[in-house]
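Asks: Shown below is the structure under consideration.
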There are 4 protein chains.
Amino acid sequence: MIRLGLVGGGPGSFIGGVHRMAAELDRRMVLVAGAFSGDPERSRRAGETYGIAPDRAYPGVEAMIAAEAQRPDGIEAIAIATPNHLHLQAARAGLEAGLAVISDKPPAATLAETRIIADIVARTGGLYALTFTYTGYPMLREARARIAAGEIGTVRKVIVEYLQGWLANPVEQAGNKQATWRVDPQRSGLGGCITDIGTHAFNLAEFATGLRITSMLGDLGTVVAGRALDDDATILLRFDNAARGHIAVSQIASGERNDLTLRVYGDHGSLSWSHEAADRLRISGSDGVERILWQGSHGLARTTAAATRLPTGHPEGFIEAFSNIYGDFANAMRGPRSDLMQTVDHGIRAMAFVETAVTRNGQGWSPLLPIAPAINENAA
Amino acid sequence: MIRLGLVGGGPGSFIGGVHRMAAELDRRMVLVAGAFSGDPERSRRAGETYGIAPDRAYPGVEAMIAAEAQRPDGIEAIAIATPNHLHLQAARAGLEAGLAVISDKPPAATLAETRIIADIVARTGGLYALTFTYTGYPMLREARARIAAGEIGTVRKVIVEYLQGWLANPVEQAGNKQATWRVDPQRSGLGGCITDIGTHAFNLAEFATGLRITSMLGDLGTVVAGRALDDDATILLRFDNAARGHIAVSQIASGERNDLTLRVYGDHGSLSWSHEAADRLRISGSDGVERILWQGSHGLARTTAAATRLPTGHPEGFIEAFSNIYGDFANAMRGPRSDLMQTVDHGIRAMAFVETAVTRNGQGWSPLLPIAPAINENAA
Amino acid sequence: MIRLGLVGGGPGSFIGGVHRMAAELDRRMVLVAGAFSGDPERSRRAGETYGIAPDRAYPGVEAMIAAEAQRPDGIEAIAIATPNHLHLQAARAGLEAGLAVISDKPPAATLAETRIIADIVARTGGLYALTFTYTGYPMLREARARIAAGEIGTVRKVIVEYLQGWLANPVEQAGNKQATWRVDPQRSGLGGCITDIGTHAFNLAEFATGLRITSMLGDLGTVVAGRALDDDATILLRFDNAARGHIAVSQIASGERNDLTLRVYGDHGSLSWSHEAADRLRISGSDGVERILWQGSHGLARTTAAATRLPTGHPEGFIEAFSNIYGDFANAMRGPRSDLMQTVDHGIRAMAFVETAVTRNGQGWSPLLPIAPAINENAA
Amino acid sequence: MIRLGLVGGGPGSFIGGVHRMAAELDRRMVLVAGAFSGDPERSRRAGETYGIAPDRAYPGVEAMIAAEAQRPDGIEAIAIATPNHLHLQAARAGLEAGLAVISDKPPAATLAETRIIADIVARTGGLYALTFTYTGYPMLREARARIAAGEIGTVRKVIVEYLQGWLANPVEQAGNKQATWRVDPQRSGLGGCITDIGTHAFNLAEFATGLRITSMLGDLGTVVAGRALDDDATILLRFDNAARGHIAVSQIASGERNDLTLRVYGDHGSLSWSHEAADRLRISGSDGVERILWQGSHGLARTTAAATRLPTGHPEGFIEAFSNIYGDFANAMRGPRSDLMQTVDHGIRAMAFVETAVTRNGQGWSPLLPIAPAINENAA
């Protein structure tokens with residue numbers, strides 16, 4: 001099993017535990033060390049909750065990498081689960097040390113930082129993957145496969161919504177740990193909601209359709225008084241095949257939990273998916289018949305079946321989807337990379353989306369900020 | 001019973017039959033005459049399908065009004081169910097003759113024509129109502145009542161979607177009668193999809209919230225080649241209390257039937273409704289509990305109960321909703337007007353929305369075109 | 001238009017109004033008279049709410065028939081909407097007078113009474129139809145057509161549930177008019193819940209599948225203390241092709257509204273329908289794909305399309321389904337009878353089900369009580 | 001971490017992998033050894049897929065226990081995932097060796113075998129738990145807690161359905177490994193469907209309500225020709241508080257996947273849950289309002305929250321539910337037992353249900369076969 005070290009995931013984090021469970025679920029990887037917190041004692045205590053030996057709970061990513069390099073059973077990869085502003089430092093440390101890196105999205109706090117990561121990836125030839133969680137859901141992989149196969153014809157319209165309500169009130173003032181760093185420009189970066197969940201929506205739009213968003217017009221707002229970053233946004237889109245679309249994201253949509261939905265309309269059919277019914281994919285043809293495909297049933301794409309552990313009707317969820325991303329990462333450490341794996345290139349596109357949305361807010365249509373150079377450099 | 005004459009609703013129309021059924025369902029009104037078509041023979045034959053005596057099937061609205069005026073049992077009201085470009089003529093004829101007028105939305109092909117209707121209404125003091133169908137759905141009336149009562153707090157975000165797929169292909173070229181006039185600027189007016197269903201979405205956003213849309217940014221497109229009018233649109237919104245929102249309407253959303261959905265987010269809860277489950281209203285509180293209110297159950301607003309004919313669990317639909325609008329119209333002919341009745345003022349607002357969307361398309365944010373004068377004149 | 005007289009439907013009735021609306025919706029029939037109550041003054045006042053002239057609101061069915069027979073515009077048909085114990089008298093009076101009769105289910109309070117009606121129908125050759133409402137729903141007609149066409153193969157299992165909660169508490173003691181007669185053996189007959197909604201479930205099982213129930217084992221219970229009749233029942237079934245099944249009906253299922261559901265399993269697919277989503281039919285094949293057919297879309301059976309008034313996505317409901325039954329009835333008055341029309345033979349089968357369930361309760365499996373003679377007599 | 005050995009779970013098994021993932025998900029246990037198959041080579045190869053060292057993949061449970069006992073890091077518990085007829089042998093071996101035992105349901109092939117296990121448990125004082133999977137779903141734990149707290153009043157009616165379609169055709173003849181042993185009396189035991197999924201339904205009915213089923217009337221059938229065991233069953237129920245109910249289970253319900261549903265009706269409300277929307281619990285009150293509670297939201301029972309890993313809206317599924325059962329098991333190994341843990345007593349009740357259903361099939365109502373002695377003995 002591949003040995004993994006976790007960066008972040010200290011007390012109050014939920015995503016740290018998700019990384020651990022997802023990495024280990026299929027016994028491809030095992031969490032053996034962590035830099036859970038900058039405070040040695042907090043890191044050690046967090047390590048205990050993960051079942052990590054005290055001597056492998058470090059107060060920082062560099063310390064972890066240095067110490068682990070001395071062990072015959074040292075870590076081979078790191079997972080980054082810190083607030084955004086610490087992503088670059090961790091990714092750099094890992095890549096420079098020759099470790100494979102898997103990171104929470106967004107790749108970094110800004111597009112500029114992300115370009116730096118891309119440069120390092122390109123220079124070191126290291127493996128760097130992003131946990132755009134939704135790309136791990138089997139029925140979204142099925143959507144991608146079916147659109148690519150032409151099942152709904154030419155894509156003409158794409159709607160992605162990601163609506164949450166947990167920031168509808170200023171819970172950050174009450175000490176909600178998840179909230180405090182997300183609404184803080186020092187730790188979240190340029191965007192708030194647009195960074196936190198808008199990047200998921202953007203990534204999914206491109207992942208599912210195989211198209212690229214070329215221009216956009218954003219309407220970002222800060223609804224809850226006193227916040228410095230956006231907490232609600234609607235973005236109009238154009239894709240490289242002239243398809244139209246929009247993304248609606250919000251963290252002030254009271255009463256919403258975490259329902260990401262995708263709808264793609266082609267010239268002879270459409271397809272929709274909802275996180276609240278994640279094991280289903282709905283396809284509507286021009287004949288007026290809706291078809292619901294179920295995870296685990298026959299007739300799905302090979303990549304869908306490969307990302308499914310249980311017979312149909314046995315629900316898998318968020319952890320399993322996350323684990324599928326870890327599976328692609330583990331595969332890439334040992335062999336060829338799946339094109340389903342999200343790389344720094346996808347991260348750059350997502351951050352270009354954020355940067356365009358924030359800097360051009362209220363100024364009309366804009367192309368995505370230029371990103372080709374970094375991608376070329378990376379591909380070189 | 002109030003005697004009604006129908007204008008339009010000739011062969012191939014479905015809305016003509018809806019007017020007849022809706023008007024008569026509660027035995028408040030009865031259809032006794034019609035100007036179903038400009039062609040006398042076609043009008044007579046259409047009359048047969050409605051059960052109208054041959055001598056009361058006229059070749060035009062003026063002919064109908066003139067002849068009916070001579071009868072002791074002549075019509076007291078007209079219903080307008082023609083393509084948009086004929087609305088003004090019919091409304092004028094009815095109002096000038098002192099008849100009550102109930103008209104399909106939009107009120108006319110353009111804002112300017114609508115202003116003329118408003119002037120005539122104001123001058124004659126006549127009764128003029130618009131069949132914005134969705135305002136007749138009991139659970140949308142409930143939504144309006146609950147928002148007004150503060151159940152979800154201050155409204156901060158509104159999303160209205162109205163997606164259809166029936167124009168995803170150029171069916172107008174195959175002679176689909178519903179399609180041909182809707183994609184024809186001569187008969188539909190300035191807008192296509194934005195007029196046909198965008199006006200419903202706009203009207204519902206204001207009806208349900210009690211707010212007014214003050215500015216907007218539209219993204220109208222013509223997706224199917226060869227069309228002169230828009231068939232897909234997304235419009236960003238601001239409301240007079242600073243709430244944000246958007247409307248998404250499409251007639252090229254392959255696989256969609258006729259699903260109008262409303263979502264309203266307040267600062268302590270939200271509310272949603274879908275045409276595909278029209279007898280339910282979903283309310284989500286900050287406590288994470290979703291509540292589903294069912295039409296016909298206890299505890300609903302008086303106006304909701306009054307618009308319901310059957311015990312809970314016995315579905316009512318489109319015809320019944322339409323009939324509720326006729327009920328308000330019939331009431332207004334005999335007594336005070338309900339504030340649920342949609343008047344020419346609402347029509348002007350909807351047409352200002354269309355005109356702003358079309359004329360300002362691609363030009364950024366714009367206030368709704370000035371409409372206050374007409375409203376004042378009308379109120380005078 | 002065919003002239004109709006209503007029997008029953010006095011103050012507090014909801015089904016009386018449904019008969020009126022359903023009969024008139026498609027302008028095939030018109031309600032012109034009624035014996036709304038045995039009390040002259042109450043009948044007259046009820047007549048007012050229906051828009052019936054005072055002189056045509058009679059205190060009894062015989063009085064109505066006698067008086068109407070003297071009029072050139074007298075009634076041609078009667079609709080029976082009384083409590084069950086008055087059905088026989090009304091049906092007899094109508095049939096003997098040569099009027100067509102359409103009656104609420106059950107046909108009468110007992111099987112014996114129903115046999116008498118069958119004898120009269122057979123002797124007079126009159127037209128007699130039963131409003132088994134669910135047979136009027138287009139998507140249940142579609143289910144019947146598809147099963148008949150072999151779409152799911154040989155039927156092997158049938159589940160019909162009809163669950164209500166409105167009698168979960170002794171509301172009859174609080175004067176609920178709908179409740180008082182239903183729980184009273186003098187007015188409801190041998191069965192309570194099994195008669196009121198069990199007959200719908202039984203009828204639907206046979207209507208949809210085209211099979212006949214041959215034996216059954218019932219478990220009827222009286223849950224609410226003080227009641228004389230059953231208010232909850234589960235019945236195990238066998239069909240004439242050896243298919244298995246069960247019916248579950250209840251009026252004490254707290255929180256349920258009126259959700260009748262049908263599920264039919266064949267050897268290569270299944271089909272399901274729910275009253276709460278009445279415009280959809282769900283078909284699941286052996287391939288794991290669920291297909292949802294929508295009312296009003298292409299590719300449905302001719303009889304389904306004929307029972308649909310609106311384009312797909314425009315919901316029709318209970319009144320429209322009821323009206324489809326009236327349409328079959330009106331057609332049968334003027335021409336050949338549709339095999340979708342439910343006759344006294346179907347009524348006898350339903351009452352044999354009730355009688356078997358009640359008299360054999362707790363005694364194991366039983367064939368349906370013998371019903372062949374009456375059917376033969378009727379067929380003679 | 002507690003060291004676990006798996007019995008069964010060889011090639012073609014899916015539940016073996018579920019045990020591994022569930023045991024390890026929360027890092028309470030770790031799979032270190034296995035008797036995956038009776039064939040040494042097959043066991044070794046299966047071990048590889050689990051990541052088990054070749055020397056710890058044994059050809060039988062006794063061999064495993066003996067060898068592991070010699071190791072300082074030997075197993076502390078065994079998990080049984082074989083076909084039913086091998087359960088007793090494995091449970092006995094584990095318990096006699098002083099290991100904790102967690103077993104797939106049913107506990108054994110027959111009630112008599114289960115009694116033997118109970119005797120051994122009683123005599124050894126060992127820990128023995130059953131993976132009645134659904135008891136691990138947080139929202140079913142919530143259902144249990146709310147019913148216990150009186151939220152729907154006195155329970156009066158219970159419906160549990162568990163419908164599958166995967167055995168609708170004789171797939172066992174085509175070599176489907178899951179199917180072959182389940183339809184074989186030598187390996188499945190007395191019952192087919194009633195054992196495989198009927199026991200889940202029975203267990204859930206008692207788990208959720210806190211009531212005990214006292215008598216029953218079963219209708220078991222073998223629908224697919226050539227089978228020796230039942231593949232479809234409906235069972236009428238009475239509970240110890242006189243509540244009524246039924247269980248419907250089938251493996252020939254074409255088109256169904258794995259949808260277990262629970263509905264419980266009390267005298268002032270009801271509650272329902274479906275496996276296809278496992279993160280929701282629906283509660284309907286007498287007020288006509290349906291409330292949907294979501295996993296992960298506020299206001300749920302402490303035991304529900306404790307069984308939840310992610311924020312609301314992040315779906316957890318079958319593996320996580322199974323893992324919650326492992327969590328209770330692990331807790332019981334180190335401390336007091338949760339009353340949520342299903343023990344051999346629950347197993348005896350489930351097998352009494354099977355034995356009553358099969359031996360009394362077609363013979364009317366019967367009490368559950370006497371089980372008190374075994375329970376007393378066990379409790380002694």
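Residue numbering restarts at 1 for every chain of the structure tokens, chains are lettered A, B, ... in their displayed order, and ligands are numbered from 1 as they appear.
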Give me the residues within 9 Å of region 138-145 of chain A as a ChimeraX atom specification, counting only C-alpha atoms and dropping any in the same chain fewer than 6 places off.

Replies: /A:204,207-210,262,271-273,278-281,293-295,300-308,321,324,340

Asks: Show me a table, sorted first by chain and then by increasing residue number, of the residues of chain C having an atom at most 8 Å from chain D, each with its shortest atom pair and the distance in Å to one decimal, counting only C-alpha atoms and written as CSV.

Replies:
```
residue,atom,partner,partner_atom,distance
C:Arg156,CA,D:Val223,CA,7.6
C:Lys157,CA,D:Ala253,CA,7.4
C:Ala168,CA,D:Asp267,CA,6.4
C:Asn169,CA,D:Asp267,CA,7.3
C:Asp219,CA,D:Leu236,CA,7.8
C:Val223,CA,D:Arg156,CA,7.6
C:Thr234,CA,D:Leu236,CA,7.8
C:Leu236,CA,D:Thr234,CA,7.8
C:His246,CA,D:Thr234,CA,7.9
C:Ile252,CA,D:Asp267,CA,8.0
C:Ala253,CA,D:Tyr265,CA,5.6
C:Ser254,CA,D:Gly269,CA,5.0
C:Gly255,CA,D:Ser284,CA,4.7
C:Glu256,CA,D:Ser284,CA,7.5
C:Arg257,CA,D:Gly288,CA,7.8
C:Tyr265,CA,D:Ala253,CA,5.6
C:Gly266,CA,D:Ser254,CA,6.6
C:Asp267,CA,D:Ala168,CA,6.4
C:His268,CA,D:Ser254,CA,6.3
C:Gly269,CA,D:Ser254,CA,5.0
C:Ser270,CA,D:Ser254,CA,5.7
C:Ser284,CA,D:Gly255,CA,4.7
C:Gly285,CA,D:Gly255,CA,5.3
C:Ser286,CA,D:Gly255,CA,5.6
C:Asp287,CA,D:Gly255,CA,7.8
C:Gly288,CA,D:Gly255,CA,6.1
C:Val289,CA,D:Gly255,CA,7.9
C:Glu290,CA,D:Gly255,CA,7.7
C:Gln363,CA,D:Gly364,CA,7.8
C:Gly364,CA,D:Gly364,CA,5.8
```

Asks: Would you put the residues from that selection into a file with N, CA and C atoms, as a tab-separated table (two decimals), in the first residue's frame?

Replies:
```
chain	number	residue	atom	x	y	z
C	156	ARG	N	-46.75	-11.52	-12.91
C	156	ARG	CA	-46.51	-12.50	-11.86
C	156	ARG	C	-46.84	-11.99	-10.47
C	157	LYS	N	-46.88	-10.68	-10.34
C	157	LYS	CA	-47.10	-10.12	-8.99
C	157	LYS	C	-47.74	-8.75	-9.13
C	168	ALA	N	-58.07	8.28	11.00
C	168	ALA	CA	-57.17	7.77	12.05
C	168	ALA	C	-57.69	8.10	13.44
C	169	ASN	N	-58.50	9.11	13.50
C	169	ASN	CA	-59.15	9.44	14.76
C	169	ASN	C	-60.66	9.46	14.55
C	219	ASP	N	-57.38	-9.73	5.77
C	219	ASP	CA	-57.11	-9.42	7.18
C	219	ASP	C	-57.67	-8.03	7.44
C	223	VAL	N	-59.50	-0.51	13.76
C	223	VAL	CA	-58.43	0.02	14.61
C	223	VAL	C	-58.95	1.06	15.59
C	234	THR	N	-55.62	-5.70	4.81
C	234	THR	CA	-54.64	-6.23	3.87
C	234	THR	C	-55.22	-7.52	3.31
C	236	LEU	N	-54.47	-10.77	0.72
C	236	LEU	CA	-53.61	-11.55	-0.17
C	236	LEU	C	-54.43	-12.04	-1.36
C	246	HIS	N	-51.10	-8.57	-3.52
C	246	HIS	CA	-51.87	-8.17	-2.34
C	246	HIS	C	-52.36	-6.74	-2.50
C	252	ILE	N	-56.77	4.57	8.40
C	252	ILE	CA	-56.18	5.03	9.67
C	252	ILE	C	-54.68	5.21	9.53
C	253	ALA	N	-54.21	5.32	8.30
C	253	ALA	CA	-52.78	5.50	8.06
C	253	ALA	C	-52.43	6.99	8.21
C	254	SER	N	-52.30	7.41	9.46
C	254	SER	CA	-52.06	8.83	9.79
C	254	SER	C	-51.03	9.46	8.88
C	255	GLY	N	-51.35	10.61	8.36
C	255	GLY	CA	-50.38	11.34	7.56
C	255	GLY	C	-50.50	11.04	6.08
C	256	GLU	N	-51.18	9.96	5.72
C	256	GLU	CA	-51.39	9.70	4.30
C	256	GLU	C	-52.60	10.51	3.83
C	257	ARG	N	-52.52	10.94	2.61
C	257	ARG	CA	-53.62	11.69	2.04
C	257	ARG	C	-54.54	10.76	1.24
C	265	TYR	N	-45.58	-6.56	-11.64
C	265	TYR	CA	-44.30	-7.17	-12.00
C	265	TYR	C	-44.53	-8.31	-12.98
C	266	GLY	N	-43.88	-8.23	-14.12
C	266	GLY	CA	-43.95	-9.30	-15.10
C	266	GLY	C	-42.63	-10.05	-15.15
C	267	ASP	N	-42.56	-10.99	-16.05
C	267	ASP	CA	-41.31	-11.76	-16.07
C	267	ASP	C	-40.20	-11.07	-16.84
C	268	HIS	N	-40.51	-9.97	-17.53
C	268	HIS	CA	-39.38	-9.18	-18.01
C	268	HIS	C	-39.56	-7.68	-17.91
C	269	GLY	N	-40.03	-7.26	-16.74
C	269	GLY	CA	-40.14	-5.84	-16.50
C	269	GLY	C	-41.27	-5.56	-15.53
C	270	SER	N	-41.37	-4.32	-15.12
C	270	SER	CA	-42.44	-3.96	-14.21
C	270	SER	C	-42.88	-2.54	-14.49
C	284	SER	N	-39.89	-0.29	-15.55
C	284	SER	CA	-38.51	-0.72	-15.30
C	284	SER	C	-38.27	-2.02	-16.03
C	285	GLY	N	-37.25	-2.03	-16.82
C	285	GLY	CA	-36.95	-3.23	-17.58
C	285	GLY	C	-35.91	-4.08	-16.88
C	286	SER	N	-35.67	-5.21	-17.41
C	286	SER	CA	-34.66	-6.11	-16.85
C	286	SER	C	-33.26	-5.51	-17.04
C	287	ASP	N	-33.15	-4.49	-17.88
C	287	ASP	CA	-31.84	-3.88	-18.15
C	287	ASP	C	-31.43	-2.90	-17.07
C	288	GLY	N	-32.25	-2.74	-16.04
C	288	GLY	CA	-31.89	-1.84	-14.96
C	288	GLY	C	-32.24	-0.39	-15.23
C	289	VAL	N	-32.77	-0.10	-16.39
C	289	VAL	CA	-33.15	1.27	-16.72
C	289	VAL	C	-34.62	1.50	-16.37
C	290	GLU	N	-34.87	2.57	-15.66
C	290	GLU	CA	-36.24	2.99	-15.40
C	290	GLU	C	-36.66	3.97	-16.48
C	363	GLN	N	-60.62	-16.43	8.22
C	363	GLN	CA	-60.88	-17.85	7.94
C	363	GLN	C	-60.04	-18.41	6.81
C	364	GLY	N	-58.99	-17.75	6.46
C	364	GLY	CA	-58.09	-18.33	5.47
C	364	GLY	C	-58.48	-18.01	4.04
```

Asks: Using only C-alpha atoms for the distances, tell me which of A:Gly5, A:Gly296, A:Gly175, A:Pro367 is nearest to Ile102 (chain A).

Replies: A:Gly5

Asks: Between B:Leu260, B:Ala66, B:Ile319, B:Ile194, which is the closest to Ala109 (chain B) once you count only C-alpha atoms?

Replies: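 Closest candidate: B:Ile194.
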
Asks: As a ChimeraX atom specification, please: every residue in region 167-362 of chain B that a backbone DSSP assignment puts in helix (DSSP H, G or I).

Replies: /B:171-174,177-182,185-188,193-209,275-277,302-306,318-334,344-359

Asks: A:Ala69, A:Ala108, A:Ala23, A:Ala35: which is nearest Asn84 (chain A), counting only C-alpha atoms?

Replies: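 Ranked by minimum distance to Asn84 (chain A), first place goes to A:Ala108.
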
Asks: Identify, with DSSP run on backbone atoms, the residues in region 72-306 of chain A assigned to strand (DSSP E), and express the list as a PyMOL selection string.

Replies: chain A and resi 77-81+100-104+128-131+155-163+213-221+232-239+244-250+259-266+269-274+280-285+290-294

Asks: Hey, which of C:Leu211, C:Thr222, C:His298, C:Thr195 ends up closest to Ala357 (chain C)? Count only C-alpha atoms.

Replies: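 Nearest to Ala357 (chain C): C:Thr195.
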